[in-house]
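What follows is the content of structure_26.cif, which has mmCIF, C-alpha atoms:
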data_final
#
loop_
_atom_site.label_atom_id
_atom_site.label_comp_id
_atom_site.auth_asym_id
_atom_site.auth_seq_id
_atom_site.Cartn_x
_atom_site.Cartn_y
_atom_site.Cartn_z
CA MET A 62 8.05 4.17 20.08
CA LEU A 63 7.96 1.49 17.36
CA SER A 64 10.55 -1.26 17.06
CA GLU A 65 11.85 -2.21 13.64
CA ASP A 66 9.57 -5.29 13.61
CA GLN A 67 6.53 -3.23 14.63
CA ARG A 68 7.24 -0.60 11.99
CA ASP A 69 7.72 -3.27 9.31
CA ALA A 70 4.49 -5.00 10.33
CA LEU A 71 2.52 -1.75 10.41
CA GLN A 72 3.86 -0.77 7.00
CA GLU A 73 2.80 -4.11 5.55
CA LEU A 74 -0.67 -3.92 7.16
CA ILE A 75 -1.11 -0.42 5.72
CA ASN A 76 0.19 -1.71 2.40
CA ILE A 77 -2.68 -4.20 2.32
CA GLY A 78 -5.15 -1.41 3.06
CA MET A 79 -3.51 0.76 0.43
CA GLY A 80 -3.86 -2.03 -2.12
CA ARG A 81 -7.59 -2.15 -1.48
CA ALA A 82 -7.84 1.62 -1.71
CA GLY A 83 -5.94 1.54 -5.00
CA ALA A 84 -8.32 -1.05 -6.41
CA SER A 85 -11.30 1.01 -5.28
CA ALA A 86 -9.82 4.15 -6.83
CA ALA A 87 -9.07 2.29 -10.07
CA ALA A 88 -12.68 1.12 -10.21
CA VAL A 89 -13.98 4.66 -9.65
CA LEU A 90 -11.53 6.42 -11.99
CA GLY A 91 -11.31 3.74 -14.66
CA GLU A 92 -7.51 3.97 -14.74
CA PHE A 93 -4.61 1.93 -13.41
CA VAL A 94 -3.36 3.33 -10.11
CA GLN A 95 0.35 3.19 -9.32
CA LEU A 96 1.04 2.50 -5.68
CA SER A 97 4.19 3.22 -3.72
CA VAL A 98 5.51 1.77 -0.50
CA PRO A 99 3.76 3.53 2.40
CA ARG A 100 6.00 5.63 4.62
CA ILE A 101 5.60 5.77 8.37
CA LEU A 102 7.03 8.50 10.55
CA ILE A 103 6.50 9.44 14.15
CA LEU A 104 6.73 13.20 14.33
CA ARG A 105 6.31 15.92 16.83
CA PRO A 106 3.31 17.92 15.58
CA GLY A 107 5.55 20.92 15.02
CA LEU A 108 7.43 18.96 12.35
CA ILE A 109 4.32 18.01 10.38
CA PRO A 110 4.18 21.19 8.25
CA ALA A 111 7.79 20.68 7.11
CA ALA A 112 7.08 17.01 6.35
CA LEU A 113 4.03 17.99 4.29
CA GLU A 114 6.04 20.55 2.37
CA ARG A 115 8.78 18.01 1.65
CA ILE A 116 6.28 15.46 0.33
CA LEU A 117 3.86 17.74 -1.44
CA GLY A 118 6.07 20.55 -2.74
CA SER A 119 5.09 24.17 -3.06
CA GLU A 120 1.99 24.04 -5.29
CA PRO A 121 -1.36 25.11 -3.78
CA LEU A 122 -3.24 22.17 -2.35
CA THR A 123 -6.76 21.15 -1.59
CA ALA A 124 -7.35 18.77 1.29
CA VAL A 125 -10.20 16.68 2.63
CA ARG A 126 -10.22 15.46 6.21
CA GLN A 127 -12.13 12.49 7.58
CA GLY A 128 -12.12 11.38 11.18
CA PHE A 129 -12.19 7.73 12.21
CA HIS A 130 -13.26 6.35 15.55
CA GLY A 131 -13.91 3.15 17.41
CA ASP A 132 -11.04 0.83 18.38
CA LEU A 133 -8.70 3.21 16.60
CA ARG A 134 -9.14 6.99 16.48
CA GLY A 135 -7.50 9.60 14.39
CA GLU A 136 -7.79 11.67 11.29
CA ALA A 137 -7.18 10.88 7.64
CA VAL A 138 -6.27 13.71 5.28
CA VAL A 139 -6.40 13.30 1.51
CA VAL A 140 -4.40 15.96 -0.32
CA TYR A 141 -4.79 16.97 -3.97
CA GLY A 142 -2.93 19.52 -6.08
CA ALA A 143 -5.19 22.17 -7.66
CA ALA A 144 -4.52 20.86 -11.18
CA HIS A 145 -5.28 17.35 -9.98
CA CYS A 146 -8.74 18.41 -8.82
CA ARG A 147 -9.58 19.48 -12.38
CA GLU A 148 -8.03 16.28 -13.72
CA LEU A 149 -10.25 14.33 -11.37
CA ALA A 150 -13.36 16.03 -12.75
CA ASP A 151 -12.22 15.22 -16.27
CA LEU A 152 -11.55 11.60 -15.34
CA MET A 153 -15.03 11.30 -13.93
CA GLY A 154 -16.50 12.42 -17.23
CA TYR A 155 -17.35 16.02 -16.45
CA GLU A 156 -16.65 17.83 -19.70
CA ASP A 157 -17.08 21.37 -18.49
CA LEU A 158 -15.69 23.10 -15.49
CA LEU A 159 -17.58 21.96 -12.49
CA GLU A 160 -19.56 24.22 -10.26
CA PRO A 161 -17.58 24.65 -7.03
CA GLY A 162 -20.21 22.67 -5.13
CA ALA A 163 -20.05 19.73 -7.55
CA GLU A 164 -16.25 19.68 -7.50
CA ARG A 165 -16.34 19.67 -3.72
CA GLU A 166 -18.75 16.71 -3.76
CA LEU A 167 -16.46 14.85 -6.13
CA LEU A 168 -13.41 15.37 -3.90
CA LEU A 169 -15.36 14.26 -0.86
CA ASP A 170 -16.61 11.13 -2.63
CA VAL A 171 -13.19 10.06 -3.90
CA SER A 172 -11.57 10.79 -0.53
CA ASN A 173 -14.25 8.76 1.21
CA VAL A 174 -13.53 5.77 -1.05
CA LEU A 175 -9.76 5.96 -0.45
CA VAL A 176 -9.96 6.44 3.31
CA GLY A 177 -12.63 3.77 3.78
CA ALA A 178 -10.75 1.15 1.78
CA CYS A 179 -7.32 1.92 3.24
CA LEU A 180 -8.35 2.08 6.89
CA GLY A 181 -10.92 -0.66 6.45
CA GLY A 182 -8.16 -2.94 5.16
CA LEU A 183 -5.90 -2.06 8.08
CA ALA A 184 -8.69 -2.46 10.64
CA GLU A 185 -9.71 -5.84 9.26
CA GLN A 186 -6.15 -7.15 9.60
CA ILE A 187 -5.85 -6.12 13.24
CA ARG A 188 -9.48 -7.06 13.99
CA ALA A 189 -10.41 -3.51 14.98
CA GLU A 190 -13.82 -1.95 14.56
CA VAL A 191 -13.49 1.46 12.95
CA GLY A 192 -16.22 3.90 11.97
CA PHE A 193 -15.91 7.04 9.92
CA SER A 194 -17.28 10.53 10.21
CA ALA A 195 -18.38 12.38 7.09
CA PRO A 196 -15.48 13.80 5.08
CA SER A 197 -15.17 17.57 4.95
CA LEU A 198 -13.15 20.02 2.95
CA MET A 199 -10.40 21.38 5.19
CA ALA A 200 -8.36 23.53 2.79
CA VAL A 201 -8.63 24.94 -0.71
CA ASP A 202 -5.53 26.19 -2.55
CA GLU A 203 -3.40 26.36 0.56
CA ALA A 204 0.35 25.93 0.96
CA ALA A 205 1.44 22.51 2.22
CA ALA A 206 3.02 23.94 5.35
CA SER A 207 -0.25 25.53 6.49
CA LEU A 208 -2.58 22.61 5.70
CA ILE A 209 -2.71 21.24 9.20
CA ASP A 210 -2.93 23.61 12.10
CA VAL A 211 -0.50 22.04 14.51
CA ARG A 212 -2.04 23.96 17.37
CA ASP A 213 -4.93 21.47 17.05
CA VAL A 214 -2.59 18.61 17.88
CA ASP A 215 -1.54 19.14 21.46
CA LEU A 216 0.09 15.82 22.27
CA PRO A 217 3.84 15.21 22.04
CA CYS A 218 3.91 13.19 18.84
CA ALA A 219 1.81 11.99 15.95
CA LEU A 220 1.99 9.00 13.62
CA PHE A 221 2.34 10.26 10.10
CA VAL A 222 1.53 7.65 7.47
CA GLU A 223 1.95 8.65 3.87
CA VAL A 224 0.37 6.71 1.03
CA ASN A 225 0.58 7.90 -2.58
CA PHE A 226 -1.79 7.13 -5.44
CA ARG A 227 -0.69 8.11 -8.92
CA LEU A 228 -2.24 7.50 -12.30
CA GLU A 229 -0.01 6.24 -15.05
CA VAL A 230 -1.62 7.98 -18.02
CA ARG A 231 -2.74 11.19 -16.35
CA SER A 232 -1.11 13.73 -14.13
CA PHE A 233 -3.53 12.97 -11.32
CA ALA A 234 -2.00 12.05 -7.96
CA CYS A 235 -3.10 12.31 -4.38
CA HIS A 236 -1.69 11.55 -0.98
CA LEU A 237 -3.37 9.96 2.00
CA ILE A 238 -2.01 10.92 5.39
CA LEU A 239 -3.12 9.34 8.63
CA LEU A 240 -2.63 11.28 11.84
CA LEU A 241 -2.80 9.54 15.18
CA VAL A 242 -1.88 11.05 18.51
CA GLU A 243 0.42 9.28 20.97
CA GLU A 244 -2.25 7.42 22.93
CA GLN A 245 -3.66 5.98 19.69
CA ILE A 246 -0.19 5.07 18.43
CA LEU A 247 0.10 2.86 21.51
CA VAL A 248 -3.31 1.30 20.75
CA LEU A 249 -2.14 0.58 17.23
CA ARG A 250 1.21 -0.73 18.46
CA ASN A 251 -0.55 -3.17 20.81
CA ALA A 252 -2.77 -4.35 17.98
CA VAL A 253 0.30 -4.89 15.78
CA ASP A 254 1.95 -6.88 18.60
CA ARG A 255 -1.10 -9.12 18.86
CA PHE A 256 -1.03 -9.62 15.10
CA LEU A 257 2.68 -10.54 15.19
CA GLU A 258 2.20 -12.92 18.13
CA ALA A 259 -0.52 -14.74 16.18
CA LEU A 260 1.79 -15.44 13.23
CA MET B 100 15.67 -33.09 -4.40
CA ALA B 101 14.40 -29.95 -2.68
CA THR B 102 12.73 -27.26 -4.76
CA THR B 103 14.44 -23.88 -4.37
CA ILE B 104 11.95 -21.14 -3.53
CA LEU B 105 12.79 -17.44 -3.49
CA VAL B 106 10.48 -15.21 -1.43
CA VAL B 107 10.75 -11.55 -2.48
CA ASP B 108 9.15 -8.85 -0.33
CA ASP B 109 10.40 -5.66 1.30
CA SER B 110 8.51 -6.57 4.46
CA ALA B 111 10.10 -9.15 6.76
CA MET B 112 6.65 -9.85 8.17
CA ALA B 113 5.19 -10.47 4.73
CA ARG B 114 8.03 -12.90 3.94
CA LYS B 115 7.36 -14.68 7.21
CA MET B 116 3.62 -14.89 6.45
CA LEU B 117 4.34 -16.33 3.00
CA VAL B 118 6.76 -18.92 4.41
CA ARG B 119 4.18 -19.90 7.03
CA ALA B 120 1.64 -20.38 4.25
CA LEU B 121 3.82 -23.00 2.53
CA PRO B 122 2.55 -26.50 3.32
CA ALA B 123 4.81 -28.04 5.99
CA GLN B 124 5.32 -31.24 4.00
CA TRP B 125 6.86 -29.47 1.02
CA ASP B 126 10.53 -30.28 0.49
CA VAL B 127 11.91 -26.82 -0.21
CA GLU B 128 15.08 -24.82 0.16
CA LEU B 129 14.09 -21.27 1.06
CA ARG B 130 15.84 -18.08 0.04
CA GLN B 131 14.68 -14.54 0.66
CA ALA B 132 15.17 -11.14 -0.95
CA SER B 133 13.93 -7.75 0.28
CA ASN B 134 13.77 -5.91 -3.05
CA GLY B 135 13.89 -6.44 -6.78
CA VAL B 136 17.64 -5.91 -7.06
CA GLU B 137 18.35 -8.64 -4.51
CA ALA B 138 15.77 -10.88 -6.22
CA LEU B 139 17.50 -10.60 -9.58
CA ALA B 140 20.90 -11.29 -8.00
CA ALA B 141 19.51 -14.46 -6.41
CA TYR B 142 17.76 -15.48 -9.65
CA ARG B 143 20.96 -15.04 -11.68
CA GLN B 144 22.70 -17.66 -9.57
CA GLY B 145 20.59 -20.01 -11.66
CA ASP B 146 18.96 -22.41 -9.22
CA ILE B 147 15.64 -20.75 -8.33
CA ASP B 148 12.67 -22.96 -9.25
CA VAL B 149 9.82 -20.86 -7.91
CA MET B 150 9.75 -17.14 -7.05
CA PHE B 151 7.04 -15.58 -4.88
CA LEU B 152 7.23 -11.91 -5.87
CA ASP B 153 5.75 -8.81 -4.24
CA LEU B 154 4.88 -5.88 -6.52
CA THR B 155 5.17 -2.74 -4.39
CA MET B 156 8.80 -2.54 -3.30
CA PRO B 157 11.52 0.11 -3.08
CA GLU B 158 14.66 -0.11 -5.23
CA MET B 159 13.00 -2.15 -7.99
CA ASP B 160 9.35 -3.11 -7.96
CA GLY B 161 7.84 -6.43 -8.97
CA PHE B 162 6.75 -5.21 -12.42
CA GLU B 163 10.36 -4.23 -13.20
CA VAL B 164 11.62 -7.58 -11.92
CA LEU B 165 9.19 -9.41 -14.22
CA GLU B 166 10.21 -7.25 -17.19
CA THR B 167 13.88 -8.00 -16.52
CA LEU B 168 13.26 -11.71 -16.05
CA ARG B 169 11.38 -11.83 -19.32
CA ALA B 170 14.18 -9.98 -21.14
CA GLU B 171 16.71 -12.43 -19.73
CA GLY B 172 14.63 -15.47 -20.68
CA LEU B 173 12.34 -16.38 -17.80
CA ASN B 174 13.66 -19.59 -16.30
CA CYS B 175 11.59 -20.09 -13.17
CA LEU B 176 7.94 -20.04 -12.14
CA VAL B 177 6.89 -16.66 -10.76
CA VAL B 178 3.86 -16.29 -8.52
CA VAL B 179 3.05 -12.67 -7.74
CA VAL B 180 1.92 -12.11 -4.15
CA SER B 181 0.63 -8.59 -3.70
CA ALA B 182 -1.76 -6.25 -1.96
CA ASP B 183 -2.21 -4.43 -5.26
CA ILE B 184 -5.42 -6.20 -6.20
CA GLN B 185 -6.40 -4.08 -9.20
CA PRO B 186 -7.60 -6.34 -12.03
CA GLU B 187 -5.21 -4.45 -14.33
CA ALA B 188 -2.26 -5.32 -12.06
CA GLN B 189 -3.23 -8.98 -12.22
CA GLU B 190 -3.52 -8.90 -16.01
CA ARG B 191 -0.18 -7.09 -16.38
CA VAL B 192 1.80 -9.58 -14.32
CA LYS B 193 0.30 -12.47 -16.27
CA ARG B 194 1.27 -10.76 -19.52
CA LEU B 195 4.81 -10.36 -18.12
CA GLY B 196 5.05 -14.08 -17.49
CA ALA B 197 3.83 -14.66 -13.93
CA ILE B 198 1.90 -17.93 -13.69
CA ALA B 199 -0.46 -16.67 -11.01
CA PHE B 200 -1.49 -13.79 -8.79
CA VAL B 201 -2.15 -14.40 -5.09
CA LYS B 202 -3.56 -11.56 -3.04
CA LYS B 203 -2.25 -10.58 0.36
CA PRO B 204 -2.68 -11.64 3.07
CA VAL B 205 -1.85 -15.11 1.76
CA ALA B 206 -4.28 -17.82 2.76
CA PRO B 207 -2.34 -21.08 3.30
CA GLU B 208 -4.67 -23.09 1.07
CA THR B 209 -4.00 -20.90 -1.98
CA LEU B 210 -0.39 -21.79 -2.81
CA ALA B 211 -0.46 -25.55 -3.49
CA PRO B 212 -3.25 -25.47 -6.12
CA VAL B 213 -1.48 -22.66 -8.00
CA LEU B 214 1.75 -24.63 -8.34
CA ARG B 215 -0.03 -27.95 -8.92
CA GLU B 216 -1.66 -26.41 -11.96
CA TYR B 217 1.83 -26.00 -13.43
CA GLY B 218 2.90 -29.53 -12.57
CA VAL B 219 4.79 -28.60 -9.42
CA VAL B 220 3.89 -31.14 -6.75
CA LEU B 221 6.14 -30.64 -3.78
#

Go ahead and render the structure in this file as structure tokens.
Amino acid sequence: MLSEDQRDALQELINIGMGRAGASAAAVLGEFVQLSVPRILILRPGLIPAALERILGSEPLTAVRQGFHGDLRGEAVVVYGAAHCRELADLMGYEDLLEPGAERELLLDVSNVLVGACLGGLAEQIRAEVGFSAPSLMAVDEAAASLIDVRDVDLPCALFVEVNFRLEVRSFACHLILLLVEEQILVLRNAVDRFLEAL
Amino acid sequence: MATTILVVDDSAMARKMLVRALPAQWDVELRQASNGVEALAAYRQGDIDVMFLDLTMPEMDGFEVLETLRAEGLNCLVVVVSADIQPEAQERVKRLGAIAFVKKPVAPETLAPVLREYGVVL
């Protein structure tokens, strides 16, 4: 579905978005954020749980989902380990254990910053207009394999983009996953082609 | 005599964009590397004048390349070209010996002034 050139270009465009998201996260958290090369996979939805388990391991996870719409539609999922949620509260200067409601707000805020910067950076490169729905908590202390209900994704394949953010001096890390169904992968592929033709 | 430029990036598209951003009138010999290991191999041949170096790469990232270059006695001008636009990243690469940080995507007008500041007029 993607040629080697298209995959390379998409990875680099997402890399630019990821860089912006990293800078935004660093500003919010007050720590240097280590970035890794984004990974792009096209998967049948049935394979997504196994991919999540491979990337995220077996610890219980908390996840925030945020839809995006406009010229490009899909869903971003930001995944945190349970210990990383507490680390996040500590990083943000909360000395005591947060009330569940406040911790939820914190996760939603940080996820919103990451998703907005990453997708905003991608959209700007391909000259797409993208809007965002409000982020919502989709899972608390769930196993990786059951984070995303694949029955919700009824098309033959999905673009799985994995971006990791890790702090150097703390154990905090989170993962940003973008899910696009086949029709939207083609929209993105056409946008990438236009970008490449303009080079 | 042509200036030898090494463009280091894991993305072929990013390397192409960087090469396109070089002013057409520059007399350069271009080399390319797709990761830090390849970059160091090219550097150790001894004739690289200017290296445009990405930070986020597999195999060996740009920070590790800079650390190695510094340990070996940095003998070329390194301009970091990266999407990692954290102020801390920019400070770190300067501390490791890079002469400048250029953010991605590279705007064509950004490269000449950076090198001119270090006496490189191509």

CA of Arg165 (chain A) to CA of Val94 (chain A) measures 21.8 Å

Counting all atoms listed in the file, the residue among B:Asn174, B:Leu121, B:Met112, B:Asp160 that lies closest to Pro212 (chain B) is B:Leu121

>> So that I can check the surroundings of Leu176 (chain B), please list as a list in words every protein, DNA and RNA residue that reaches within 9 Å of it, counting all atoms listed in the file and ignoring chain neighbours fewer than 5 positions away.
In response: Ile147, Asp148, Val149, Met150, Phe151, Gly196, Ala197, Ile198, Leu214 and Tyr217 of chain B

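Going from CA of Arg119 (chain B) over to CA of Pro204 (chain B), you cover 11.4 Å.
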
Note to self: Would you pick out the contacts of region 181-189 of chain B at 6 Å or less, using all atoms listed in the file, so that residues sharing its chain but fewer than 2 positions from it are not included, and give the list as a list in words?
What the structure shows: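 The neighbour list is Ile77, Gly80 and Ala84 of chain A; Asp153, Leu154, Arg191, Val192, Lys202 and Lys203 of chain B.
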
Which residues match the PyMOL selection byres ((chain A) within 8 of (chain B)) in the file above, as a ChimeraX atom specification? /A:66,69-70,72-73,76-81,83-84,87,93,96-98,260

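Between CA of Ile246 (chain A) and CA of Leu122 (chain A) the interatomic distance comes to 27.1 Å.
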
Open item on the list: For a quick check of understanding, using all atoms listed in the file, which of A:Arg255, A:Gly128, A:Ser85, A:Arg100 has the smallest distance to Gly182 (chain A)?
Closed with: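 Of all the options, A:Ser85 lies closest to Gly182 (chain A).
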
Given the file above and the PyMOL selection byres ((chain A and resi 110) around 12), which residues are selected, and can you give them as a PyMOL selection string? chain A and resi 104-109+111-119+203-212+221

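For the set B:Val205, B:Met100, B:Ala138, B:Ala211, the residue with the smallest atom-to-atom gap to Ala123 (chain B) is B:Ala211, counting all atoms listed in the file.
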
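When the PyMOL selection byres ((chain A and resi 176) around 10) is evaluated against the file, it yields A:Gly78, A:Met79, A:Ala82, A:Arg126, A:Gln127, A:Gly128, A:Phe129, A:Glu136, A:Ala137, A:Val138, A:Val139, A:Val171, A:Ser172, A:Asn173, A:Val174, A:Leu175, A:Gly177, A:Ala178, A:Cys179, A:Leu180, A:Gly181, A:Gly182, A:Phe193, A:Pro196, A:Leu237, A:Ile238, A:Leu239.
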
Set the distance at 12 Å and use all atoms listed in the file: which residues neighbour Arg68 (chain A) once local chain neighbours fewer than 6 positions away are removed? I'd like the list as a PDB file with C-alpha atoms, keeping the file's coordinate frame.
ATOM      1  CA  MET A  62       8.050   4.170  20.080  1.00  0.00           C
ATOM      2  CA  LEU A  74      -0.670  -3.920   7.160  1.00  0.00           C
ATOM      3  CA  ILE A  75      -1.110  -0.420   5.720  1.00  0.00           C
ATOM      4  CA  ASN A  76       0.190  -1.710   2.400  1.00  0.00           C
ATOM      5  CA  PRO A  99       3.760   3.530   2.400  1.00  0.00           C
ATOM      6  CA  ARG A 100       6.000   5.630   4.620  1.00  0.00           C
ATOM      7  CA  ILE A 101       5.600   5.770   8.370  1.00  0.00           C
ATOM      8  CA  LEU A 102       7.030   8.500  10.550  1.00  0.00           C
ATOM      9  CA  ILE A 103       6.500   9.440  14.150  1.00  0.00           C
ATOM     10  CA  LEU A 220       1.990   9.000  13.620  1.00  0.00           C
ATOM     11  CA  VAL A 222       1.530   7.650   7.470  1.00  0.00           C
ATOM     12  CA  ILE A 246      -0.190   5.070  18.430  1.00  0.00           C
ATOM     13  CA  LEU A 249      -2.140   0.580  17.230  1.00  0.00           C
ATOM     14  CA  ARG A 250       1.210  -0.730  18.460  1.00  0.00           C
ATOM     15  CA  VAL A 253       0.300  -4.890  15.780  1.00  0.00           C
ATOM     16  CA  ASP A 254       1.950  -6.880  18.600  1.00  0.00           C
ATOM     17  CA  LEU A 257       2.680 -10.540  15.190  1.00  0.00           C
TER      18      LEU A 257
ATOM     19  CA  SER B 110       8.510  -6.570   4.460  1.00  0.00           C
ATOM     20  CA  ALA B 111      10.100  -9.150   6.760  1.00  0.00           C
ATOM     21  CA  MET B 112       6.650  -9.850   8.170  1.00  0.00           C
TER      22      MET B 112
END

_So that I can see what lies close to Leu105 (chain B), please list as a VMD selection string the residues with an atom at most 12 Å from it, counting all atoms listed in the file and leaving out residues fewer than 5 positions away in the same chain._
chain B and resid 114 117 to 118 127 to 135 137 to 153 175 to 179

Looking at all atoms listed in the file, which of B:Val180, B:Leu173, B:Ala120, B:Val164 is the one that sits closest to Glu208 (chain B)?
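Checking each candidate against Glu208 (chain B), we get B:Ala120 as the closest.
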
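If all atoms listed in the file are the atoms counted, then among A:Val125, A:Leu247, A:Val224, A:Ile187 the closest residue to Ala259 (chain A) is A:Ile187.
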
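Distance check against Leu195 (chain B) using all atoms listed in the file: of B:Leu165, B:Val219, B:Val213, B:Val106, the minimum falls on B:Leu165.
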